[in-house]
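Beneath this line is the structure, given in structure tokens, with notes to follow.
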Amino acid sequence: MLVASCVFFAAACRGLSPGHAEPESLPPTWSLGANVVPSYGDRGMVASNDSLATAVGVAILERGGNAVDAAIATAFALAVTHPEAGNIGGGGFMLVRNADGTTAALDFRERAPAAATREMFARPAAPRNASTHTHLAAGVPGSVAGMLAALDRFGTISRQQAIAPAIALARDGFIVDATFRDGIAGQRARIAPHAGAGLFLPGGEPPALGATFRQADLARTLELVARDGPAAFYRGPIADLIVAEMRRGGGLITAQDLAAYRVTWRTPIRTTYRGHTVIGMPPPSAGGVAVAATLNILETFDPLPQFGTARHAHLLAAAQQRAFLDRNELVGDPDASAVPTERLISKEHARRMARTIDPSRAASTRAARAAAREGNETTHIAVADRFGNVVSLTTTINDIYGSGVFVSGAGFFLNDEMDDFASRPGAVNADGIVAAEANAIAPGKVMTSSMAPTIVLDREGRVLLVLGSRGGPRIISSVAQVIVNVIDHRMSLKDAMRAPRVHHVVSPDSLWYEPGDFAPAVIDSLRVMGYALRPIRTDTLPYIGRVIAIARRGAGWEGVVDPRYAGSAKGY
Ligand code: GLY
């Protein structure tokens with residue numbers, strides 16, 4: 001308690017060194033998630049944003065399935081029970097670490113249709129909200145190809161076994177709870193103009209609490225995928241329905257786009273952090289690069305100041321600011337143009353960045369060159385099995401309920417991932433810098449992302465953490481902060497997850513913080529340092545990240561879902 005009081009009431013701390021001999025904990029005044037009960041499992045763990053989907057994954061583990069089997073079954077279940085972000089109409093990134101220490105990264109991100117053009121959202125005639133609320137917003141979905149490719153390569157159960165629980169949930173239904181209902185209510189305007197309105201807004205209102213929500217079309221779609229595999233989605237009857245939907249709404253995705261879709265196996269990126277190994281997703285996601293860069297910069301400050309102090313928040317913010325600048329300007333689809341990944345995650349680059357940090361002043365981001373908007377609502381799954389394999393999997397349709405466009409007859413929403421491209425590439429800013437060229441729209445290209453499925457190994461090379469988040473760019477800052485809380489501040493996983501976070505927004509230049517948690521004196525100090533501060537609440541968009549994490553605990557596992565949002569961790 002002495003340490004915690006020190007952290008938040010700086011006057012009481014004088015004389016104590018900012019070392020981290022003792023684990024830090026949060027003061028009783030910070031109540032968020034105080035009642036969270038972590039889940040423990042001797043053999044394995046599944047954590048996701050929905051308890052039904054988590055239960056699907058655990059049942060697969062209990063029947064002898066491995067982490068990939070469970071992750072894929074959970075992901076298909078999320079497409080049914082958590083359709084605001086779980087999906088078959090979007091894409092994602094997956095990291096696997098096998099028991100033998102080998103790793104793999106799967107990129108099943110959406111791709112721009114062949115008819116997409118660099119200026120399609122920038123021309124004056126583009127419909128309002130074209131990149132977020134219309135048929136033009138959808139990239140060619142990768143989820144079905146990705147989930148089945150992972151199962152093919154690493155799974156031990158059949159496609160039918162992996163998808164059967166999702167089919168049952170779609171056909172037989174599940175009970176509408178407040179999270180499900182509120183998610184729909186918050187996106188009424190997005191959903192209402194499209195074919196999903198009849199199901200998701202019957203009579204103009206979200207389904208009633210306690211009602212059973214059945215999705216007959218989605219059940220049929222999943223049955224086809226279970227029976228015929230990716231061919232059903234990319235060439236068969238589901239492809240026909242997607243193309244028909246595109247024709248109806250003036251979208252770009254064609255039968256050829258769907259038939260041409262391919263996933264890409266990539267090599268995970270690696271960095272070290274205070275002797276630990278951090279394994280992340282390589283480009284086209286910028287998430288792994290930016291988490292690694294943030295940690296590399298922070299590592300140059302040893303030890304970090306105590307948690308909850310202004311100096312600590314300042315260093316987090318300054319490291320994020322520099323990592324985000326690189327992320328926004330330099331990361332794009334590596335198959336379209338070279339991305340300097342190795343340089344961006346190098347220790348030398350981090351040292352150079354760290355030298356630009358004034359310990360007592362914020363730096364303005366005059367150099368911020370790219371638009372900051374990004375959709376919010378990915379969903380993460382973390383799984384560990386009894387064999388020693390772990391999976392960190394993030395999928396998305398970008399905004400909550402994606403574009404709102406619903407594939408008539410097929411029962412699922414399409415993404416608005418085209419909005420993750422830079423829609424005005426080449427625009428020259430006041431500093432004469434060309435914006436986000438690496439992320440310009442081009443046919444077949446993958447838009448960059450902030451998704452950051454991450455695996456952390458301890459000093460002995462054993463898995464310590466498996467984590468990821470939802471929340472657009474706040475994914476990056478949130479994942480990095482949970483890692484720092486565990487490694488530097490030696491917090492319990494529960495406290496590491498519920499601890500107040502900051503997020504530096506490079507453009508417009510500001511520092512977001514969770515109000516009611518940082519001491520007023522800390523906020524005042526940050527203001528004096530030159531930060532433009534903005535409180536960020538847990539219940540209104542845009543949210544701070546919402547992390548899903550599991551951690552090694554002795555011979556077993558501990559799982560915690562971010563108290564800022566719904567979900568469940570379940571061990572076995
Ligand atoms: N659409 C959010 C992301 O990919 O980061």
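To be explicit about the labels: the chains of the structure tokens are called A, B, and onward in the order shown, and within each one the residues are counted from 1, while ligands get numbers from 1 in the order they are shown.
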Expected selection as a short mmCIF file (atom, residue, chain, number, x, y, z; two decimals) with all heavy atoms, in the first residue's frame for ligand 1 within 10 Å, only C-alpha atoms and all ligand atoms:
data_model
loop_
_atom_site.label_atom_id
_atom_site.label_comp_id
_atom_site.auth_asym_id
_atom_site.auth_seq_id
_atom_site.Cartn_x
_atom_site.Cartn_y
_atom_site.Cartn_z
N ALA A 85 -18.21 -6.81 -34.43
CA ALA A 85 -16.77 -6.85 -34.71
C ALA A 85 -16.31 -8.25 -35.14
O ALA A 85 -15.50 -8.38 -36.05
CB ALA A 85 -15.98 -6.41 -33.48
N GLY A 90 -14.98 -9.46 -42.81
CA GLY A 90 -13.84 -8.56 -42.62
C GLY A 90 -12.52 -9.29 -42.77
O GLY A 90 -12.34 -10.09 -43.69
N GLY A 91 -11.59 -9.00 -41.87
CA GLY A 91 -10.28 -9.64 -41.97
C GLY A 91 -9.55 -9.55 -40.64
O GLY A 91 -10.12 -9.11 -39.63
N GLY A 92 -8.29 -9.96 -40.64
CA GLY A 92 -7.56 -9.92 -39.38
C GLY A 92 -6.13 -10.40 -39.50
O GLY A 92 -5.61 -10.62 -40.61
N PHE A 93 -5.53 -10.54 -38.33
CA PHE A 93 -4.14 -10.98 -38.22
C PHE A 93 -4.03 -11.98 -37.07
O PHE A 93 -4.64 -11.79 -36.03
CB PHE A 93 -3.22 -9.79 -37.92
CG PHE A 93 -3.21 -8.75 -39.00
CD1 PHE A 93 -3.77 -7.50 -38.78
CD2 PHE A 93 -2.62 -9.01 -40.22
CE1 PHE A 93 -3.75 -6.52 -39.77
CE2 PHE A 93 -2.58 -8.04 -41.22
CZ PHE A 93 -3.15 -6.80 -41.00
N ARG A 109 -5.96 -9.88 -43.94
CA ARG A 109 -6.54 -8.54 -44.01
C ARG A 109 -7.31 -8.39 -45.33
O ARG A 109 -6.95 -9.02 -46.34
CB ARG A 109 -5.38 -7.54 -43.96
CG ARG A 109 -5.76 -6.08 -44.00
CD ARG A 109 -6.28 -5.59 -42.69
NE ARG A 109 -6.15 -4.14 -42.57
CZ ARG A 109 -6.85 -3.43 -41.71
NH1 ARG A 109 -7.73 -4.00 -40.91
NH2 ARG A 109 -6.67 -2.12 -41.61
N GLU A 110 -8.32 -7.54 -45.33
CA GLU A 110 -9.04 -7.26 -46.57
C GLU A 110 -8.11 -6.61 -47.60
O GLU A 110 -7.09 -6.02 -47.25
CB GLU A 110 -10.22 -6.31 -46.31
CG GLU A 110 -11.24 -6.81 -45.32
CD GLU A 110 -10.96 -6.39 -43.90
OE1 GLU A 110 -9.76 -6.29 -43.51
OE2 GLU A 110 -11.92 -6.13 -43.16
N PRO A 284 1.45 -5.87 -43.27
CA PRO A 284 0.77 -4.58 -43.36
C PRO A 284 0.18 -4.06 -42.07
O PRO A 284 -0.30 -2.92 -42.06
CB PRO A 284 -0.34 -4.83 -44.38
CG PRO A 284 -0.67 -6.28 -44.24
CD PRO A 284 0.65 -6.94 -43.95
N SER A 285 0.15 -4.84 -40.99
CA SER A 285 -0.28 -4.19 -39.76
C SER A 285 0.86 -3.33 -39.26
O SER A 285 2.02 -3.74 -39.29
CB SER A 285 -0.66 -5.19 -38.68
OG SER A 285 -1.19 -4.44 -37.59
N ALA A 286 0.51 -2.15 -38.80
CA ALA A 286 1.51 -1.29 -38.16
C ALA A 286 1.54 -1.56 -36.67
O ALA A 286 2.38 -0.99 -35.96
CB ALA A 286 1.18 0.17 -38.43
N GLY A 287 0.62 -2.41 -36.18
CA GLY A 287 0.51 -2.62 -34.75
C GLY A 287 1.77 -3.16 -34.13
O GLY A 287 2.26 -2.64 -33.12
N ARG A 373 -7.76 9.38 -38.17
CA ARG A 373 -8.98 8.62 -37.99
C ARG A 373 -8.79 7.13 -38.31
O ARG A 373 -8.18 6.77 -39.29
CB ARG A 373 -10.09 9.15 -38.89
CG ARG A 373 -11.41 8.52 -38.50
CD ARG A 373 -12.46 8.54 -39.55
NE ARG A 373 -13.64 7.85 -39.01
CZ ARG A 373 -13.79 6.53 -39.06
NH1 ARG A 373 -12.86 5.77 -39.59
NH2 ARG A 373 -14.85 5.96 -38.54
N GLU A 374 -9.34 6.32 -37.47
CA GLU A 374 -9.32 4.89 -37.72
C GLU A 374 -10.50 4.29 -37.00
O GLU A 374 -10.88 4.76 -35.94
CB GLU A 374 -8.05 4.27 -37.13
CG GLU A 374 -7.20 3.58 -38.15
CD GLU A 374 -5.95 3.08 -37.50
OE1 GLU A 374 -5.98 1.97 -36.95
OE2 GLU A 374 -4.94 3.81 -37.51
N GLY A 375 -11.08 3.26 -37.57
CA GLY A 375 -12.22 2.61 -36.92
C GLY A 375 -11.82 2.03 -35.58
O GLY A 375 -10.65 1.87 -35.26
N ASN A 376 -12.84 1.73 -34.81
CA ASN A 376 -12.59 1.42 -33.41
C ASN A 376 -12.71 -0.03 -33.04
O ASN A 376 -12.25 -0.43 -32.00
CB ASN A 376 -13.62 2.16 -32.57
CG ASN A 376 -13.32 3.62 -32.54
OD1 ASN A 376 -12.33 4.01 -31.94
ND2 ASN A 376 -14.13 4.40 -33.20
N GLU A 377 -13.40 -0.81 -33.82
CA GLU A 377 -13.92 -2.00 -33.19
C GLU A 377 -13.46 -3.30 -33.77
O GLU A 377 -14.16 -3.96 -34.52
CB GLU A 377 -15.43 -1.89 -33.10
CG GLU A 377 -15.85 -0.74 -32.20
CD GLU A 377 -15.07 -0.64 -30.90
OE1 GLU A 377 -14.69 -1.69 -30.34
OE2 GLU A 377 -14.81 0.48 -30.45
N THR A 378 -12.28 -3.62 -33.40
CA THR A 378 -11.75 -4.95 -33.64
C THR A 378 -12.19 -5.85 -32.49
O THR A 378 -12.82 -5.39 -31.55
CB THR A 378 -10.23 -4.88 -33.69
OG1 THR A 378 -9.81 -4.35 -32.45
CG2 THR A 378 -9.76 -3.97 -34.80
N THR A 379 -11.82 -7.10 -32.56
CA THR A 379 -12.06 -7.97 -31.41
C THR A 379 -10.91 -8.96 -31.32
O THR A 379 -10.39 -9.39 -32.34
CB THR A 379 -13.44 -8.67 -31.51
OG1 THR A 379 -13.71 -9.35 -30.29
CG2 THR A 379 -13.53 -9.64 -32.67
N THR A 394 -6.49 -11.19 -33.82
CA THR A 394 -7.37 -10.02 -33.84
C THR A 394 -8.09 -9.97 -35.19
O THR A 394 -7.45 -10.12 -36.23
CB THR A 394 -6.59 -8.71 -33.66
OG1 THR A 394 -5.67 -8.85 -32.56
CG2 THR A 394 -7.52 -7.55 -33.35
N THR A 395 -9.41 -9.80 -35.15
CA THR A 395 -10.15 -9.63 -36.40
C THR A 395 -10.96 -8.34 -36.33
O THR A 395 -11.19 -7.80 -35.25
CB THR A 395 -11.11 -10.80 -36.70
OG1 THR A 395 -12.22 -10.72 -35.81
CG2 THR A 395 -10.42 -12.14 -36.55
N THR A 396 -11.40 -7.88 -37.49
CA THR A 396 -12.13 -6.61 -37.51
C THR A 396 -13.00 -6.47 -38.74
O THR A 396 -12.72 -7.09 -39.77
CB THR A 396 -11.14 -5.42 -37.46
OG1 THR A 396 -11.88 -4.20 -37.29
CG2 THR A 396 -10.32 -5.30 -38.73
N ILE A 397 -14.06 -5.64 -38.61
CA ILE A 397 -14.73 -5.10 -39.79
C ILE A 397 -14.61 -3.57 -39.74
O ILE A 397 -15.39 -2.85 -40.32
CB ILE A 397 -16.21 -5.56 -39.91
CG1 ILE A 397 -16.96 -5.49 -38.57
CG2 ILE A 397 -16.26 -6.96 -40.48
CD1 ILE A 397 -18.46 -5.87 -38.69
N ASN A 398 -13.62 -3.10 -38.99
CA ASN A 398 -13.27 -1.69 -38.79
C ASN A 398 -14.23 -1.03 -37.82
O ASN A 398 -14.10 -1.23 -36.63
CB ASN A 398 -13.16 -0.93 -40.12
CG ASN A 398 -12.40 0.37 -39.93
OD1 ASN A 398 -11.64 0.52 -38.99
ND2 ASN A 398 -12.61 1.33 -40.81
N ASP A 399 -15.18 -0.22 -38.28
CA ASP A 399 -16.09 0.41 -37.33
C ASP A 399 -17.06 -0.62 -36.76
O ASP A 399 -17.20 -1.73 -37.29
CB ASP A 399 -16.86 1.53 -38.02
CG ASP A 399 -16.03 2.80 -38.13
OD1 ASP A 399 -15.63 3.33 -37.07
OD2 ASP A 399 -15.75 3.23 -39.26
N ILE A 400 -17.76 -0.24 -35.70
CA ILE A 400 -18.77 -1.13 -35.12
C ILE A 400 -19.82 -1.41 -36.19
O ILE A 400 -20.35 -0.49 -36.80
CB ILE A 400 -19.42 -0.48 -33.88
CG1 ILE A 400 -18.36 -0.15 -32.83
CG2 ILE A 400 -20.47 -1.42 -33.29
CD1 ILE A 400 -18.91 0.56 -31.62
N GLY A 402 -19.11 -2.48 -39.00
CA GLY A 402 -18.45 -2.25 -40.29
C GLY A 402 -19.07 -1.11 -41.07
O GLY A 402 -19.32 -0.03 -40.53
N ASN A 415 -17.26 -5.16 -44.04
CA ASN A 415 -16.37 -4.20 -43.40
C ASN A 415 -16.42 -2.82 -44.06
O ASN A 415 -16.90 -2.68 -45.19
CB ASN A 415 -14.94 -4.73 -43.51
CG ASN A 415 -14.51 -4.81 -44.97
OD1 ASN A 415 -14.06 -3.81 -45.53
ND2 ASN A 415 -14.66 -5.96 -45.62
N ASP A 416 -15.87 -1.82 -43.36
CA ASP A 416 -15.57 -0.52 -44.00
C ASP A 416 -14.06 -0.27 -43.90
O ASP A 416 -13.59 0.80 -43.55
CB ASP A 416 -16.37 0.64 -43.38
CG ASP A 416 -16.05 0.89 -41.92
OD1 ASP A 416 -15.74 -0.08 -41.20
OD2 ASP A 416 -16.14 2.06 -41.49
N GLU A 417 -13.32 -1.33 -44.26
CA GLU A 417 -11.87 -1.26 -44.09
C GLU A 417 -11.19 -0.35 -45.12
O GLU A 417 -10.04 0.07 -44.91
CB GLU A 417 -11.28 -2.67 -44.19
CG GLU A 417 -10.22 -2.96 -43.17
CD GLU A 417 -10.78 -3.10 -41.77
OE1 GLU A 417 -11.60 -4.01 -41.54
OE2 GLU A 417 -10.39 -2.30 -40.91
N MET A 418 -11.89 0.00 -46.22
CA MET A 418 -11.27 0.91 -47.19
C MET A 418 -10.95 2.25 -46.52
O MET A 418 -10.07 2.99 -46.97
CB MET A 418 -12.20 1.13 -48.39
CG MET A 418 -12.37 -0.10 -49.27
SD MET A 418 -10.86 -0.63 -50.08
CE MET A 418 -10.69 0.62 -51.34
N ASP A 419 -11.64 2.53 -45.41
CA ASP A 419 -11.38 3.77 -44.68
C ASP A 419 -10.02 3.76 -43.99
O ASP A 419 -9.54 4.82 -43.56
CB ASP A 419 -12.49 4.00 -43.65
CG ASP A 419 -12.45 5.41 -43.08
OD1 ASP A 419 -12.57 6.36 -43.87
OD2 ASP A 419 -12.27 5.55 -41.85
N ASP A 420 -9.41 2.60 -43.87
CA ASP A 420 -8.08 2.54 -43.25
C ASP A 420 -6.96 2.90 -44.23
O ASP A 420 -5.79 3.02 -43.83
CB ASP A 420 -7.81 1.15 -42.65
CG ASP A 420 -8.34 1.03 -41.23
OD1 ASP A 420 -8.81 2.06 -40.68
OD2 ASP A 420 -8.29 -0.06 -40.66
N PHE A 421 -7.29 3.03 -45.51
CA PHE A 421 -6.31 3.60 -46.44
C PHE A 421 -6.23 5.11 -46.22
O PHE A 421 -7.16 5.73 -45.66
CB PHE A 421 -6.74 3.37 -47.90
CG PHE A 421 -6.45 2.01 -48.44
CD1 PHE A 421 -7.47 1.16 -48.84
CD2 PHE A 421 -5.13 1.58 -48.61
CE1 PHE A 421 -7.21 -0.09 -49.38
CE2 PHE A 421 -4.85 0.32 -49.15
CZ PHE A 421 -5.90 -0.52 -49.53
N MET A 447 -4.77 -2.45 -46.89
CA MET A 447 -4.72 -1.21 -46.10
C MET A 447 -3.98 -1.48 -44.78
O MET A 447 -4.09 -2.59 -44.24
CB MET A 447 -6.13 -0.66 -45.83
CG MET A 447 -7.08 -1.57 -45.07
SD MET A 447 -7.60 -3.12 -45.92
CE MET A 447 -8.65 -2.55 -47.22
N THR A 448 -3.26 -0.49 -44.28
CA THR A 448 -2.54 -0.77 -43.04
C THR A 448 -3.50 -0.75 -41.85
O THR A 448 -4.68 -0.42 -41.98
CB THR A 448 -1.33 0.15 -42.84
OG1 THR A 448 -0.52 -0.43 -41.83
CG2 THR A 448 -1.74 1.54 -42.43
N SER A 449 -3.00 -1.14 -40.71
CA SER A 449 -3.86 -1.43 -39.56
C SER A 449 -3.09 -1.13 -38.28
O SER A 449 -1.86 -1.03 -38.28
CB SER A 449 -4.22 -2.92 -39.59
OG SER A 449 -4.78 -3.35 -38.37
N SER A 450 -3.84 -0.99 -37.19
CA SER A 450 -3.20 -0.87 -35.88
C SER A 450 -3.29 -2.16 -35.07
O SER A 450 -2.85 -2.20 -33.91
CB SER A 450 -3.85 0.26 -35.06
OG SER A 450 -3.54 1.50 -35.63
N MET A 451 -3.88 -3.17 -35.65
CA MET A 451 -4.09 -4.40 -34.87
C MET A 451 -2.75 -4.97 -34.42
O MET A 451 -1.80 -5.04 -35.20
CB MET A 451 -4.86 -5.42 -35.70
CG MET A 451 -6.32 -5.03 -35.86
SD MET A 451 -7.33 -6.34 -36.59
CE MET A 451 -7.04 -6.04 -38.32
N ALA A 452 -2.69 -5.36 -33.18
CA ALA A 452 -1.41 -5.76 -32.59
C ALA A 452 -1.54 -7.02 -31.75
O ALA A 452 -1.33 -7.01 -30.53
CB ALA A 452 -0.86 -4.61 -31.74
N SER A 469 -5.93 -6.21 -28.51
CA SER A 469 -6.92 -5.24 -28.07
C SER A 469 -7.83 -4.86 -29.21
O SER A 469 -7.54 -5.14 -30.37
CB SER A 469 -6.20 -4.00 -27.55
OG SER A 469 -7.11 -3.01 -27.12
N ARG A 470 -8.93 -4.21 -28.87
CA ARG A 470 -9.70 -3.49 -29.86
C ARG A 470 -9.49 -2.01 -29.59
O ARG A 470 -9.04 -1.63 -28.51
CB ARG A 470 -11.17 -3.88 -29.82
CG ARG A 470 -11.91 -3.65 -28.53
CD ARG A 470 -13.22 -4.40 -28.55
NE ARG A 470 -14.37 -3.54 -28.80
CZ ARG A 470 -15.50 -3.99 -29.34
NH1 ARG A 470 -15.63 -5.24 -29.72
NH2 ARG A 470 -16.53 -3.19 -29.51
N GLY A 471 -9.82 -1.16 -30.58
CA GLY A 471 -9.70 0.27 -30.33
C GLY A 471 -8.85 1.04 -31.31
O GLY A 471 -8.25 2.06 -30.93
N GLY A 472 -8.77 0.60 -32.58
CA GLY A 472 -8.02 1.38 -33.58
C GLY A 472 -6.62 1.68 -33.07
O GLY A 472 -5.96 0.81 -32.50
N PRO A 473 -6.13 2.91 -33.22
CA PRO A 473 -4.75 3.19 -32.80
C PRO A 473 -4.55 3.04 -31.29
O PRO A 473 -3.42 2.84 -30.84
CB PRO A 473 -4.54 4.65 -33.23
CG PRO A 473 -5.85 5.17 -33.68
CD PRO A 473 -6.77 4.03 -33.91
N ARG A 474 -5.65 3.12 -30.54
CA ARG A 474 -5.51 2.92 -29.07
C ARG A 474 -5.13 1.47 -28.75
O ARG A 474 -4.76 1.16 -27.62
CB ARG A 474 -6.80 3.32 -28.34
CG ARG A 474 -6.95 4.81 -28.09
CD ARG A 474 -7.61 5.56 -29.18
NE ARG A 474 -8.91 5.00 -29.49
CZ ARG A 474 -9.52 5.15 -30.68
NH1 ARG A 474 -8.95 5.83 -31.64
NH2 ARG A 474 -10.70 4.62 -30.90
N ILE A 475 -5.25 0.58 -29.73
CA ILE A 475 -4.74 -0.78 -29.55
C ILE A 475 -3.26 -0.71 -29.18
O ILE A 475 -2.79 -1.37 -28.24
CB ILE A 475 -4.91 -1.61 -30.85
CG1 ILE A 475 -6.37 -1.89 -31.14
CG2 ILE A 475 -4.10 -2.91 -30.78
CD1 ILE A 475 -6.61 -2.55 -32.51
N ILE A 476 -2.52 0.06 -29.97
CA ILE A 476 -1.06 0.10 -29.83
C ILE A 476 -0.65 0.63 -28.45
O ILE A 476 0.15 0.02 -27.74
CB ILE A 476 -0.47 0.98 -30.96
CG1 ILE A 476 -0.69 0.28 -32.31
CG2 ILE A 476 0.99 1.31 -30.71
CD1 ILE A 476 -0.49 1.17 -33.53
#
Could you tell me, as a VMD selection string, which residues of region 17-151 of chain A DSSP assigns to alpha helix (DSSP H) when given the backbone? chain A and resid 51 to 62 67 to 81 130 to 133 143 to 151
With N, CA and C atoms retained, export the selected residues as a compact mmCIF listing (two decimals), in the first residue's frame.
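Result file selection.txt:
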# COMPACT_ATOMS: atom_id res chain seq x y z
N SER A 51 -18.83 -14.23 -23.91
CA SER A 51 -18.71 -15.43 -23.08
C SER A 51 -19.14 -16.69 -23.83
N LEU A 52 -20.13 -16.58 -24.71
CA LEU A 52 -20.54 -17.78 -25.47
C LEU A 52 -19.42 -18.24 -26.39
N ALA A 53 -18.76 -17.28 -27.02
CA ALA A 53 -17.66 -17.62 -27.92
C ALA A 53 -16.48 -18.20 -27.14
N THR A 54 -16.20 -17.62 -25.97
CA THR A 54 -15.14 -18.18 -25.13
C THR A 54 -15.46 -19.63 -24.75
N ALA A 55 -16.73 -19.87 -24.41
CA ALA A 55 -17.13 -21.24 -24.01
C ALA A 55 -16.94 -22.22 -25.17
N VAL A 56 -17.18 -21.75 -26.39
CA VAL A 56 -16.96 -22.61 -27.56
C VAL A 56 -15.49 -23.02 -27.62
N GLY A 57 -14.59 -22.05 -27.43
CA GLY A 57 -13.16 -22.35 -27.49
C GLY A 57 -12.72 -23.29 -26.39
N VAL A 58 -13.23 -23.08 -25.19
CA VAL A 58 -12.84 -23.94 -24.07
C VAL A 58 -13.32 -25.37 -24.31
N ALA A 59 -14.53 -25.51 -24.85
CA ALA A 59 -15.05 -26.86 -25.12
C ALA A 59 -14.14 -27.59 -26.11
N ILE A 60 -13.62 -26.86 -27.09
CA ILE A 60 -12.71 -27.49 -28.06
C ILE A 60 -11.43 -27.95 -27.35
N LEU A 61 -10.90 -27.10 -26.46
CA LEU A 61 -9.68 -27.49 -25.72
C LEU A 61 -9.96 -28.71 -24.85
N GLU A 62 -11.12 -28.70 -24.19
CA GLU A 62 -11.45 -29.83 -23.30
C GLU A 62 -11.55 -31.14 -24.05
N ALA A 67 -4.62 -24.98 -29.52
CA ALA A 67 -4.94 -23.54 -29.41
C ALA A 67 -5.49 -22.99 -30.73
N VAL A 68 -4.98 -23.49 -31.86
CA VAL A 68 -5.49 -22.98 -33.14
C VAL A 68 -6.92 -23.46 -33.35
N ASP A 69 -7.19 -24.72 -33.06
CA ASP A 69 -8.57 -25.22 -33.16
C ASP A 69 -9.52 -24.32 -32.36
N ALA A 70 -9.11 -24.06 -31.11
CA ALA A 70 -9.99 -23.30 -30.22
C ALA A 70 -10.14 -21.86 -30.70
N ALA A 71 -9.03 -21.26 -31.17
CA ALA A 71 -9.10 -19.86 -31.63
C ALA A 71 -10.02 -19.74 -32.84
N ILE A 72 -9.94 -20.69 -33.75
CA ILE A 72 -10.75 -20.59 -34.97
C ILE A 72 -12.23 -20.85 -34.65
N ALA A 73 -12.50 -21.83 -33.80
CA ALA A 73 -13.90 -22.08 -33.41
C ALA A 73 -14.46 -20.86 -32.68
N THR A 74 -13.63 -20.23 -31.84
CA THR A 74 -14.06 -19.03 -31.12
C THR A 74 -14.32 -17.89 -32.10
N ALA A 75 -13.45 -17.74 -33.09
CA ALA A 75 -13.61 -16.65 -34.06
C ALA A 75 -14.89 -16.83 -34.88
N PHE A 76 -15.18 -18.06 -35.31
CA PHE A 76 -16.45 -18.28 -36.04
C PHE A 76 -17.64 -17.99 -35.11
N ALA A 77 -17.52 -18.38 -33.84
CA ALA A 77 -18.63 -18.10 -32.91
C ALA A 77 -18.82 -16.59 -32.72
N LEU A 78 -17.70 -15.84 -32.68
CA LEU A 78 -17.83 -14.38 -32.53
C LEU A 78 -18.53 -13.76 -33.74
N ALA A 79 -18.38 -14.38 -34.91
CA ALA A 79 -19.07 -13.86 -36.10
C ALA A 79 -20.58 -13.93 -35.92
N VAL A 80 -21.03 -14.80 -35.00
CA VAL A 80 -22.46 -14.96 -34.75
C VAL A 80 -22.91 -14.15 -33.54
N THR A 81 -22.18 -14.29 -32.45
CA THR A 81 -22.65 -13.70 -31.18
C THR A 81 -22.15 -12.27 -30.96
N ALA A 130 -18.54 7.98 -47.81
CA ALA A 130 -18.36 6.87 -48.77
C ALA A 130 -17.43 5.80 -48.22
N SER A 131 -16.41 6.19 -47.48
CA SER A 131 -15.43 5.20 -47.03
C SER A 131 -15.83 4.51 -45.73
N THR A 132 -16.97 4.90 -45.16
CA THR A 132 -17.36 4.29 -43.89
C THR A 132 -18.77 3.70 -43.87
N HIS A 133 -19.68 4.21 -44.69
CA HIS A 133 -21.08 3.80 -44.54
C HIS A 133 -21.69 3.28 -45.84
N SER A 143 -11.59 -13.01 -43.84
CA SER A 143 -11.73 -13.82 -42.62
C SER A 143 -11.91 -15.31 -42.89
N VAL A 144 -12.79 -15.65 -43.83
CA VAL A 144 -13.05 -17.08 -44.06
C VAL A 144 -11.78 -17.77 -44.56
N ALA A 145 -11.12 -17.13 -45.52
CA ALA A 145 -9.87 -17.72 -46.04
C ALA A 145 -8.84 -17.85 -44.92
N GLY A 146 -8.75 -16.82 -44.09
CA GLY A 146 -7.74 -16.81 -43.03
C GLY A 146 -7.99 -17.87 -41.97
N MET A 147 -9.23 -17.92 -41.52
CA MET A 147 -9.51 -18.88 -40.44
C MET A 147 -9.31 -20.32 -40.93
N LEU A 148 -9.71 -20.56 -42.17
CA LEU A 148 -9.56 -21.93 -42.68
C LEU A 148 -8.11 -22.25 -43.03
N ALA A 149 -7.34 -21.24 -43.44
CA ALA A 149 -5.91 -21.48 -43.72
C ALA A 149 -5.18 -21.83 -42.42
N ALA A 150 -5.53 -21.14 -41.34
CA ALA A 150 -4.89 -21.42 -40.04
C ALA A 150 -5.23 -22.84 -39.59
N LEU A 151 -6.50 -23.20 -39.77
CA LEU A 151 -6.93 -24.54 -39.36
C LEU A 151 -6.21 -25.61 -40.20
For Ala440 (chain A), list every protein, DNA or RNA residue within 8 Å, evaluated using only C-alpha atoms, and leave out those in the same chain fewer than 3 positions away; present the list as a PyMOL selection string. chain A and resi 118+421-425+436-437
Residues flagged strand (DSSP E or B) by DSSP in region 177-424 of chain A, as a PyMOL selection string: chain A and resi 212-213+264-266+269-273+276-280+285+378-384+390-396+406-407+412-413+422
Taking 4 positions as the minimum chain separation for residues in the same chain, which residues sit within 12 Å of Ala244 (chain A) when counting only C-alpha atoms? Answer as number ranges by chain. A: 135, 237-240, 248-255, 406-410
Looking at only C-alpha atoms, which of A:Arg498, A:Val522, A:Gly280, A:Arg63 is the one that sits closest to Val36 (chain A)? A:Arg498
Within 9 Å of Tyr273 (chain A) using only C-alpha atoms, minus same-chain residues under 3 positions, as a PyMOL selection string: chain A and resi 276-278+292+295-296+298-299+487
A:Arg270, A:Lys347, A:Arg527, A:Arg190: which is nearest Ile455 (chain A), counting only C-alpha atoms? A:Arg270
Which one is closest to Ala185 (chain A): A:Arg97, A:Val383, A:Pro305, A:Tyr401? Count only C-alpha atoms.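 Of A:Arg97, A:Val383, A:Pro305, A:Tyr401, the one nearest Ala185 (chain A), counting only C-alpha atoms, is A:Tyr401.
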